[in-house]
Amino acid sequence: MPQWIEPAPVSVPDELAAWLAEQPFLAELLVRRGFTDRAKAEGFLNSDAYTPASPDEMPDMKPAVSRIRRAVSSRERICVWGDFDVDGQTATALLVEALRGLGADPLWFIPGRKLGHGVHIGPLADLIKRGVRLIITCDTGISAHEAVAYARPRGVDVIITDHHSLPNTLPDALAIVNPKRLPTDHTLYEIPGVGCAYKLVERLYDGQQTERFLDLAALGIVADVAVQTGDTRYLLQRGLKALRATHRPGLIKLMTLAGVDPLHLTEQDIGFALGPRLNALGRLGDASEAVTLLTSDDVVQVEVLAQRIEGLNSRRKLETKYVYEAALHMIKNDRLLLSHDALVLSHPKWPEGVLGIAAARLAERFDRPVVLISVSPDGIGRGSARSVAGCDITAALAEHAAMLRSYGGHTMAAGLSLEAERIPAFRQALGHTVRRLRGSAPAQTLLQLDAYVALDQLTQELVAQVELLAPFGPGNPPVTLAARNLRLLAYRRVGRAGEHLQLIVTDDTGSERQVMRWHEEDASDLPSGRFDLAYSIRTNRFGSESPGVLIEWIDTRETETKPIRLVAEPQINVAGDYRQAQPHTQAALLKDLRALEHDLLVWREAEDAVEGVSRAGLRAAPALAVWTTPPSPTEWQMILDKVMPARVYLFGADPGLDIPAVFLKRLSGLVKAAAKRELAIALCDLAAAMAHRQAAVRAGLRVLQAEGYISFTEDAAGTIALKVQAHVGSSELEDARRELMWLLQETAAYRRYWRGTSNILER
Ligand SMILES: [Mn+2]
C-alpha cells in the first residue's frame, strides 16, 4: 500500500501562464514537474524545440569512431556483442544495421540466458578464430576486464558501449562509450544501451539519416525502464513517432500478432505487448534471432520468426501462470509457509525461465521477498528471488552464503542455487534475516498526487492536456489524479482471458464512470466502503465510437472521516515581509532586526553565515525571523507551533539544495564527516543540516547506498548508522533516484509557493 502524498500548492509563473493560457491544467502540471520557464517547458513537450547533446559529448567517441571507420575501410571482420534483454537486442540490431549501411558485413553474438550477461571467453575465442578483429559491445561489457585482456594480446580491439554502472577500475579497452562516465546531471547520463549505440551511430553517420534507427531506440528505452529525462526522453519522443511509421517487416508483423495499432502506439504498447514478446525470445529462445527479426527485409523469414516469438510468448504466459498458481496452491495448503517473512517455495517441474516473473507477482501480492526454486533430478535447486522495497535480497542471501552453492544479483532481484535438502533450513534462516532487514528500513512506497479532479470533471480536453506530457515512465511518472468519496457499484472481468477488471464507480454527485484495472484478475481486494481513487487518464480508443476518456486505476484508500479540529489559533502577525529583497539587503535587514527585537529567534538551516537555530533548536519566542524557506508545509507548521510567535519576519532565503546533484554532494559530505568520527546521526539532524524533509534525506541516503558509496541502517527512533565503504551498486538506483527527484521537485515547488504567496499564515 503506497503512502499518498498530497499535491503541493503551485503558483504558475506569469510567462508560463500567458503562454499556456488555453491549457491552465497543463501549466500547473508542468510547474509540478519543475518546468517553470517557457523554454525548458517547450523543450520537454516538443522534441523539435529540444536541443540534444552532441554525440561528441559521449566519452571516448573519437577513438571509437576512427577505429570503426578504419575497420570498415580495410574490410576487417567486426563482431557486435550484445545482451539478451530487449535493450541489448535493439542495440545489437541498430549497430549491425548501421555497420551494414557503411558497407561492412558484421557478425553478431548474443549470449543465452544460461550463459548470462557479459563477454564470455569461450565464444570470444571462437569469434577470434573466425577472424574477428574488432569487437563492439552494446548494453554490456563494462566489467569485461578478462575478455579485453584476452583479446588484446591476440591483436583484437574491443570497443565497449554500455550504460551499466562503472566498476572500480575500467577494462583496458580501446574505447569505453558509457554515459555513466559523465556528470550525473548530464542530459545523456540516463540513456540505456540502445541510446549509447544510437549516439555512436549518429557520430559515424555525421548526423545524416539516422532517423531510421529511432524506432529501435524507443523499444529499448521503454523495455529497459530507462529514466526518461533529458536526451532519453527526447530519443523516446522521436522514437515513438518512428515506431508508429516503422518499415521493418518484423516489427509490423509483431504488432499485428500482438493486436497493436501502429498509428496510435504508445509507450504502454511497448511495455505490455512488444517488450514482453521480445523478452520471451531472450528468456526461452535465442535472442540472436531478434536481430534477424528487427533487421531483415525478408518477409517470409520474419513471418516465421514472429510466429515463433508469438509461440514463445504464449508459452511464457502459460508457464508463468502455471508456476504462479501452483505457488498459490502450495500456500493455501500450508499456511505455515506465510508465517515466514520470506516466501520460499520449490518444485521439481517448474520451468526456470519464468521463475523470476512469477516470483515478482507473488512478492507484490504477499508483500515480502519471494524465492522460487526448481529442483532438478540431481538434487540441485536453481531459483530466482524477487524482493520488495526496503529489503536488499542479495545482501540477505549473502548472510546465508554457507548454505548456498552460488548466488548473485541486485537489491530487488537475484539468482541462486543450493542442494534441495537444505531448502527448509534456508527458508527458516532467510525469513529471520528478512524480518531483521525490513524491521529497520522504511518499506512504504510513495504515490505523488498531481491534483484532485472529480470524475464528472474529466473531459477529452483535460485528457489532451495530460497526454502532452507523455510518454510516461521513470523520471516522468504518469499524471496521477485523485477523486474523493467514491463507491463501487459493480465490476466484471474483461480481456481475452479475463485478465483485467472493469469497475463501475459513482461519487457524491451520482455520476457513474467506468474504471479499468489492468492486469489484475483478483477482485478480492476491491474496496467495500467509501474510498478515494488514485487514477490516471488517457484517450479511450477501445470500441468503435469516437474517442472518450479512459480512467485507469492506480490505488485506493479509505475515505477519511476524521473529525474537524476546533482549536483556537493564536494570533500571529507578519511584522516584516522581506521575501522579495536582494540577499545583501536581507542580511542588513536581519542585522537591524536583531537590534530592534530583544528576543528574536532566527530560524535558518544549511546556512552557516547567518546566526540562528535549526529545527532542533526551536523554542517559544515572541518574535521569529524565518531566514530559510521551509521545505514543506509540515516543517513550516512545526516551526510556528513550536515558536508560537506574536510577530513573524519573513526572509525566505533559498538554500539552493533542491537540485539532485547539489543535494547529493552536500549530503555525501555530511555523511562522510559523520562516518569519519564514527558518529551515529539522527535523521532529523541530517534533515536540518540539509534544509530538507527527512523523507528527502532518506531517499538521498538510498541513492548513495545504491551507487555503492555507503551502507546505512535506520532504527525505529530515526537514528542512522553509517558505513562509508565501496561496494557494487544496486539495481535499486533508478528507483531511489526517481524518488529523490520527486521529493526535491516537490520541495522546490513548495519553496516557490512559500516565497510568492500572500497567504503565508493561512492553514
Ligand atoms: Mn540495458
# chains A, B, ... in the order shown; residues from 1 in each chain; ligands from 1
$ residues_near_ligand --ligand "ligand 1" --cutoff "6 Å" --atoms "only C-alpha atoms and all ligand atoms" --output "count of residues only"
5
$ residues_around --residues "stretch 121-129 of chain A" --least-positions-apart "5" --cutoff "12 Å" --atoms "only C-alpha atoms" --output "ChimeraX atom specification"
/A:76-81,106-112,115,134-137,144-158
$ select_by_dssp --residues "stretch 362-603 of chain A" --states "strand (DSSP E or B)" --output "PyMOL selection string"
chain A and resi 370-375+380-386+406-409+413-419+446-448+451-452+473+476+481-494+500-506+512-517+531-540+548-558+573-577+600-603
$ closest_residue --among "A:Leu30, A:Ile760, A:Val703, A:Val177" --to "A:Asp60" --atoms "only C-alpha atoms"
A:Val177
$ residues_around --residues "A:Glu746" --least-positions-apart "6" --cutoff "12 Å" --atoms "only C-alpha atoms" --output "CSV table (one decimal) with C-alpha atoms, in the first residue's frame"
chain,number,residue,atom,x,y,z
A,5,ILE,CA,1.5,12.4,-1.0
A,6,GLU,CA,-0.9,15.3,-1.4
A,7,PRO,CA,-0.5,17.7,-4.3
A,8,ALA,CA,1.6,20.7,-3.1
A,9,PRO,CA,0.3,24.1,-3.9
A,10,VAL,CA,1.8,25.6,-7.1
A,29,LEU,CA,1.3,20.0,-14.2
A,31,VAL,CA,5.3,23.5,-12.7
A,32,ARG,CA,4.8,20.5,-10.5
A,33,ARG,CA,7.4,18.7,-12.7
A,34,GLY,CA,9.8,21.5,-12.2
A,35,PHE,CA,9.3,23.3,-15.5
A,448,GLN,CA,2.6,11.5,-5.5
A,449,LEU,CA,-0.7,13.0,-6.4
A,450,ASP,CA,-0.8,15.7,-9.1
A,630,PRO,CA,10.9,25.8,4.7
A,631,PRO,CA,10.9,22.6,2.7
A,632,SER,CA,7.3,21.6,3.1
A,633,PRO,CA,4.1,22.7,4.9
A,658,ASP,CA,16.8,21.3,-4.5
A,659,ILE,CA,18.8,20.0,-7.4
A,692,HIS,CA,15.0,19.4,3.7
A,693,ARG,CA,12.4,16.9,4.7
A,695,ALA,CA,12.0,11.7,3.5
A,696,ALA,CA,14.3,13.5,1.0
A,739,GLU,CA,12.1,9.0,-5.6
A,740,LEU,CA,14.7,11.6,-4.6
A,752,ARG,CA,8.5,28.8,-4.8
A,753,TYR,CA,5.0,28.9,-3.5
$ closest_residue --among "A:Leu337, A:Leu188, A:Met330, A:Leu251" --to "A:Gln307" --atoms "only C-alpha atoms"
A:Leu251
$ closest_residue --among "A:Tyr491, A:Trp754, A:Tyr322, A:Phe272" --to "A:Leu219" --atoms "only C-alpha atoms"
A:Phe272
$ residues_around --residues "A:Arg386" --least-positions-apart "6" --cutoff "9 Å" --atoms "only C-alpha atoms" --output "list in words"
Gly356, Ile357, Ala359, Ala360, Arg361, Leu362, Ala363, Arg368, Pro369, Val370, Val371, Leu372, Ile393, Thr411, Met412, Ala413, Ala414 and Gly415 of chain A
$ closest_residue --among "A:Asn573, A:Ser524, A:Thr90, A:Gln237" --to "A:Tyr50" --atoms "only C-alpha atoms"
A:Gln237
$ residues_around --residues "A:Ala581" --least-positions-apart "2" --cutoff "12 Å" --atoms "only C-alpha atoms" --output "PyMOL selection string"
chain A and resi 576-579+583-590+650-653+755
$ residues_around --residues "stretch 11-16 of chain A" --least-positions-apart "6" --cutoff "9 Å" --atoms "only C-alpha atoms" --output "tab-separated table (two decimals) with N, CA and C atoms, in the first residue's frame"
chain	number	residue	atom	x	y	z
A	24	PRO	N	-4.53	25.75	-18.79
A	24	PRO	CA	-4.06	26.05	-17.42
A	24	PRO	C	-3.69	24.80	-16.62
A	27	ALA	N	-0.25	23.79	-17.56
A	27	ALA	CA	0.74	24.70	-16.97
A	27	ALA	C	1.05	24.28	-15.53
A	28	GLU	N	-0.01	23.95	-14.77
A	28	GLU	CA	0.19	23.52	-13.39
A	28	GLU	C	1.00	22.23	-13.31
A	30	LEU	N	3.10	21.11	-15.43
A	30	LEU	CA	4.50	21.39	-15.79
A	30	LEU	C	5.27	21.96	-14.61
A	31	VAL	N	4.65	22.90	-13.90
A	31	VAL	CA	5.32	23.51	-12.75
A	31	VAL	C	5.60	22.45	-11.68
A	36	THR	N	9.47	25.61	-14.91
A	36	THR	CA	8.89	26.89	-14.57
A	36	THR	C	9.15	27.93	-15.66
A	37	ASP	N	10.15	27.68	-16.54
A	37	ASP	CA	10.32	28.67	-17.60
A	37	ASP	C	9.94	28.08	-18.95
A	38	ARG	N	9.51	28.97	-19.81
A	38	ARG	CA	8.86	28.57	-21.05
A	38	ARG	C	9.78	27.74	-21.94
A	41	ALA	N	10.12	24.23	-20.69
A	41	ALA	CA	8.83	23.52	-20.82
A	41	ALA	C	8.59	23.14	-22.27
A	749	ALA	N	8.90	23.15	-5.52
A	749	ALA	CA	7.61	23.76	-5.84
A	749	ALA	C	7.04	24.45	-4.60
A	752	ARG	N	8.90	27.70	-3.93
A	752	ARG	CA	8.47	28.78	-4.83
A	752	ARG	C	7.14	29.35	-4.34
A	753	TYR	N	6.25	28.44	-3.94
A	753	TYR	CA	4.95	28.87	-3.45
A	753	TYR	C	5.12	29.72	-2.20
A	756	GLY	N	6.21	33.17	-2.73
A	756	GLY	CA	5.36	34.05	-3.53
A	756	GLY	C	3.99	34.32	-2.93
A	757	THR	N	3.55	33.46	-2.03
A	757	THR	CA	2.15	33.57	-1.61
A	757	THR	C	1.92	34.72	-0.64
$ residues_around --residues "A:Val643" --least-positions-apart "6" --cutoff "9 Å" --atoms "only C-alpha atoms" --output "number ranges by chain"
A: 601, 618-624
$ closest_atom_pairs --of "stretch 164-204 of chain A" --to "stretch 713-735 of chain A" --cutoff "9 Å" --atoms "only C-alpha atoms" --output "tab-separated table"
residue	atom	partner	partner_atom	distance
A:Ser165	CA	A:Gly729	CA	7.1
A:Leu166	CA	A:Gly729	CA	8.8
A:Pro167	CA	A:Val728	CA	7.4
A:Asn168	CA	A:Ala726	CA	8.7
$ closest_residue --among "A:Val72, A:Leu26, A:Leu235, A:Ile159" --to "A:Ile191" --atoms "only C-alpha atoms"
A:Leu235
$ closest_residue --among "A:Val479, A:Leu170, A:Val515, A:Val602" --to "A:Arg492" --atoms "only C-alpha atoms"
A:Val515
$ atom_distance --atom1 "atom CA of A:Leu503" --atom2 "atom CA of A:Glu267"
24.1 Å
$ decode --residues "stretch 603-693 of chain A" --atoms "C-alpha atoms" --output "PDB file, in the first residue's frame"
ATOM      1  CA  TRP A 603      15.375  30.019  12.076  1.00  0.00           C
ATOM      2  CA  ARG A 604      17.901  29.107   9.428  1.00  0.00           C
ATOM      3  CA  GLU A 605      19.124  25.821   8.026  1.00  0.00           C
ATOM      4  CA  ALA A 606      22.033  24.723   5.817  1.00  0.00           C
ATOM      5  CA  GLU A 607      23.390  28.269   6.107  1.00  0.00           C
ATOM      6  CA  ASP A 608      26.377  28.912   8.343  1.00  0.00           C
ATOM      7  CA  ALA A 609      26.829  32.588   7.529  1.00  0.00           C
ATOM      8  CA  VAL A 610      23.675  33.542   9.428  1.00  0.00           C
ATOM      9  CA  GLU A 611      23.458  33.019  13.166  1.00  0.00           C
ATOM     10  CA  GLY A 612      20.344  31.186  14.299  1.00  0.00           C
ATOM     11  CA  VAL A 613      18.803  27.844  15.174  1.00  0.00           C
ATOM     12  CA  SER A 614      17.754  24.863  13.110  1.00  0.00           C
ATOM     13  CA  ARG A 615      14.566  22.884  13.716  1.00  0.00           C
ATOM     14  CA  ALA A 616      16.207  21.116  16.663  1.00  0.00           C
ATOM     15  CA  GLY A 617      16.799  24.417  18.476  1.00  0.00           C
ATOM     16  CA  LEU A 618      13.302  25.855  18.175  1.00  0.00           C
ATOM     17  CA  ARG A 619      11.705  27.247  21.377  1.00  0.00           C
ATOM     18  CA  ALA A 620       8.888  29.596  22.278  1.00  0.00           C
ATOM     19  CA  ALA A 621       9.736  33.215  21.436  1.00  0.00           C
ATOM     20  CA  PRO A 622       7.733  36.419  20.854  1.00  0.00           C
ATOM     21  CA  ALA A 623       9.454  37.173  17.535  1.00  0.00           C
ATOM     22  CA  LEU A 624      10.544  34.813  14.796  1.00  0.00           C
ATOM     23  CA  ALA A 625      12.665  35.513  11.741  1.00  0.00           C
ATOM     24  CA  VAL A 626      12.283  32.854   9.057  1.00  0.00           C
ATOM     25  CA  TRP A 627      15.545  33.101   7.161  1.00  0.00           C
ATOM     26  CA  THR A 628      15.418  29.857   5.179  1.00  0.00           C
ATOM     27  CA  THR A 629      12.453  28.849   3.023  1.00  0.00           C
ATOM     28  CA  PRO A 630      10.879  25.795   4.718  1.00  0.00           C
ATOM     29  CA  PRO A 631      10.934  22.572   2.680  1.00  0.00           C
ATOM     30  CA  SER A 632       7.263  21.640   3.124  1.00  0.00           C
ATOM     31  CA  PRO A 633       4.060  22.703   4.905  1.00  0.00           C
ATOM     32  CA  THR A 634       4.872  20.217   7.705  1.00  0.00           C
ATOM     33  CA  GLU A 635       8.111  21.935   8.718  1.00  0.00           C
ATOM     34  CA  TRP A 636       6.516  25.366   8.360  1.00  0.00           C
ATOM     35  CA  GLN A 637       3.663  24.331  10.641  1.00  0.00           C
ATOM     36  CA  MET A 638       6.086  22.789  13.128  1.00  0.00           C
ATOM     37  CA  ILE A 639       8.114  25.989  13.289  1.00  0.00           C
ATOM     38  CA  LEU A 640       5.038  28.089  14.030  1.00  0.00           C
ATOM     39  CA  ASP A 641       3.711  25.539  16.544  1.00  0.00           C
ATOM     40  CA  LYS A 642       6.973  25.376  18.474  1.00  0.00           C
ATOM     41  CA  VAL A 643       7.835  29.070  18.494  1.00  0.00           C
ATOM     42  CA  MET A 644       4.266  30.405  18.857  1.00  0.00           C
ATOM     43  CA  PRO A 645       5.472  33.885  17.902  1.00  0.00           C
ATOM     44  CA  ALA A 646       3.375  37.034  18.041  1.00  0.00           C
ATOM     45  CA  ARG A 647       5.441  38.598  15.260  1.00  0.00           C
ATOM     46  CA  VAL A 648       6.946  36.896  12.211  1.00  0.00           C
ATOM     47  CA  TYR A 649       9.574  38.347   9.880  1.00  0.00           C
ATOM     48  CA  LEU A 650       9.815  36.652   6.513  1.00  0.00           C
ATOM     49  CA  PHE A 651      13.059  36.335   4.514  1.00  0.00           C
ATOM     50  CA  GLY A 652      12.834  33.060   2.630  1.00  0.00           C
ATOM     51  CA  ALA A 653      16.416  32.537   1.502  1.00  0.00           C
ATOM     52  CA  ASP A 654      16.887  29.665  -0.929  1.00  0.00           C
ATOM     53  CA  PRO A 655      19.324  27.071   0.445  1.00  0.00           C
ATOM     54  CA  GLY A 656      19.964  26.026  -3.176  1.00  0.00           C
ATOM     55  CA  LEU A 657      19.730  22.335  -2.363  1.00  0.00           C
ATOM     56  CA  ASP A 658      16.758  21.277  -4.477  1.00  0.00           C
ATOM     57  CA  ILE A 659      18.839  20.047  -7.422  1.00  0.00           C
ATOM     58  CA  PRO A 660      19.704  16.335  -7.069  1.00  0.00           C
ATOM     59  CA  ALA A 661      23.402  16.719  -7.893  1.00  0.00           C
ATOM     60  CA  VAL A 662      23.899  19.612  -5.434  1.00  0.00           C
ATOM     61  CA  PHE A 663      21.797  17.897  -2.794  1.00  0.00           C
ATOM     62  CA  LEU A 664      23.743  14.635  -3.075  1.00  0.00           C
ATOM     63  CA  LYS A 665      27.096  16.415  -2.988  1.00  0.00           C
ATOM     64  CA  ARG A 666      26.335  18.130   0.311  1.00  0.00           C
ATOM     65  CA  LEU A 667      24.701  15.023   1.775  1.00  0.00           C
ATOM     66  CA  SER A 668      27.656  12.798   0.948  1.00  0.00           C
ATOM     67  CA  GLY A 669      29.986  15.399   2.507  1.00  0.00           C
ATOM     68  CA  LEU A 670      27.966  15.412   5.731  1.00  0.00           C
ATOM     69  CA  VAL A 671      27.767  11.636   5.758  1.00  0.00           C
ATOM     70  CA  LYS A 672      31.484  11.218   5.243  1.00  0.00           C
ATOM     71  CA  ALA A 673      32.259  13.681   8.030  1.00  0.00           C
ATOM     72  CA  ALA A 674      29.932  11.823  10.403  1.00  0.00           C
ATOM     73  CA  ALA A 675      31.355   8.453   9.453  1.00  0.00           C
ATOM     74  CA  LYS A 676      34.903   9.674   9.972  1.00  0.00           C
ATOM     75  CA  ARG A 677      34.049  10.493  13.566  1.00  0.00           C
ATOM     76  CA  GLU A 678      32.138   7.206  13.825  1.00  0.00           C
ATOM     77  CA  LEU A 679      29.045   9.076  14.887  1.00  0.00           C
ATOM     78  CA  ALA A 680      25.578   7.685  14.721  1.00  0.00           C
ATOM     79  CA  ILE A 681      23.492  10.526  13.374  1.00  0.00           C
ATOM     80  CA  ALA A 682      19.803  11.315  13.797  1.00  0.00           C
ATOM     81  CA  LEU A 683      17.812  11.559  10.599  1.00  0.00           C
ATOM     82  CA  CYS A 684      16.164  14.751  11.834  1.00  0.00           C
ATOM     83  CA  ASP A 685      19.566  16.406  12.394  1.00  0.00           C
ATOM     84  CA  LEU A 686      20.688  15.387   8.947  1.00  0.00           C
ATOM     85  CA  ALA A 687      17.444  16.818   7.538  1.00  0.00           C
ATOM     86  CA  ALA A 688      18.063  20.101   9.374  1.00  0.00           C
ATOM     87  CA  ALA A 689      21.619  20.285   8.044  1.00  0.00           C
ATOM     88  CA  MET A 690      20.220  19.799   4.542  1.00  0.00           C
ATOM     89  CA  ALA A 691      17.252  22.181   4.999  1.00  0.00           C
ATOM     90  CA  HIS A 692      15.037  19.406   3.693  1.00  0.00           C
ATOM     91  CA  ARG A 693      12.420  16.902   4.735  1.00  0.00           C
TER      92      ARG A 693
END
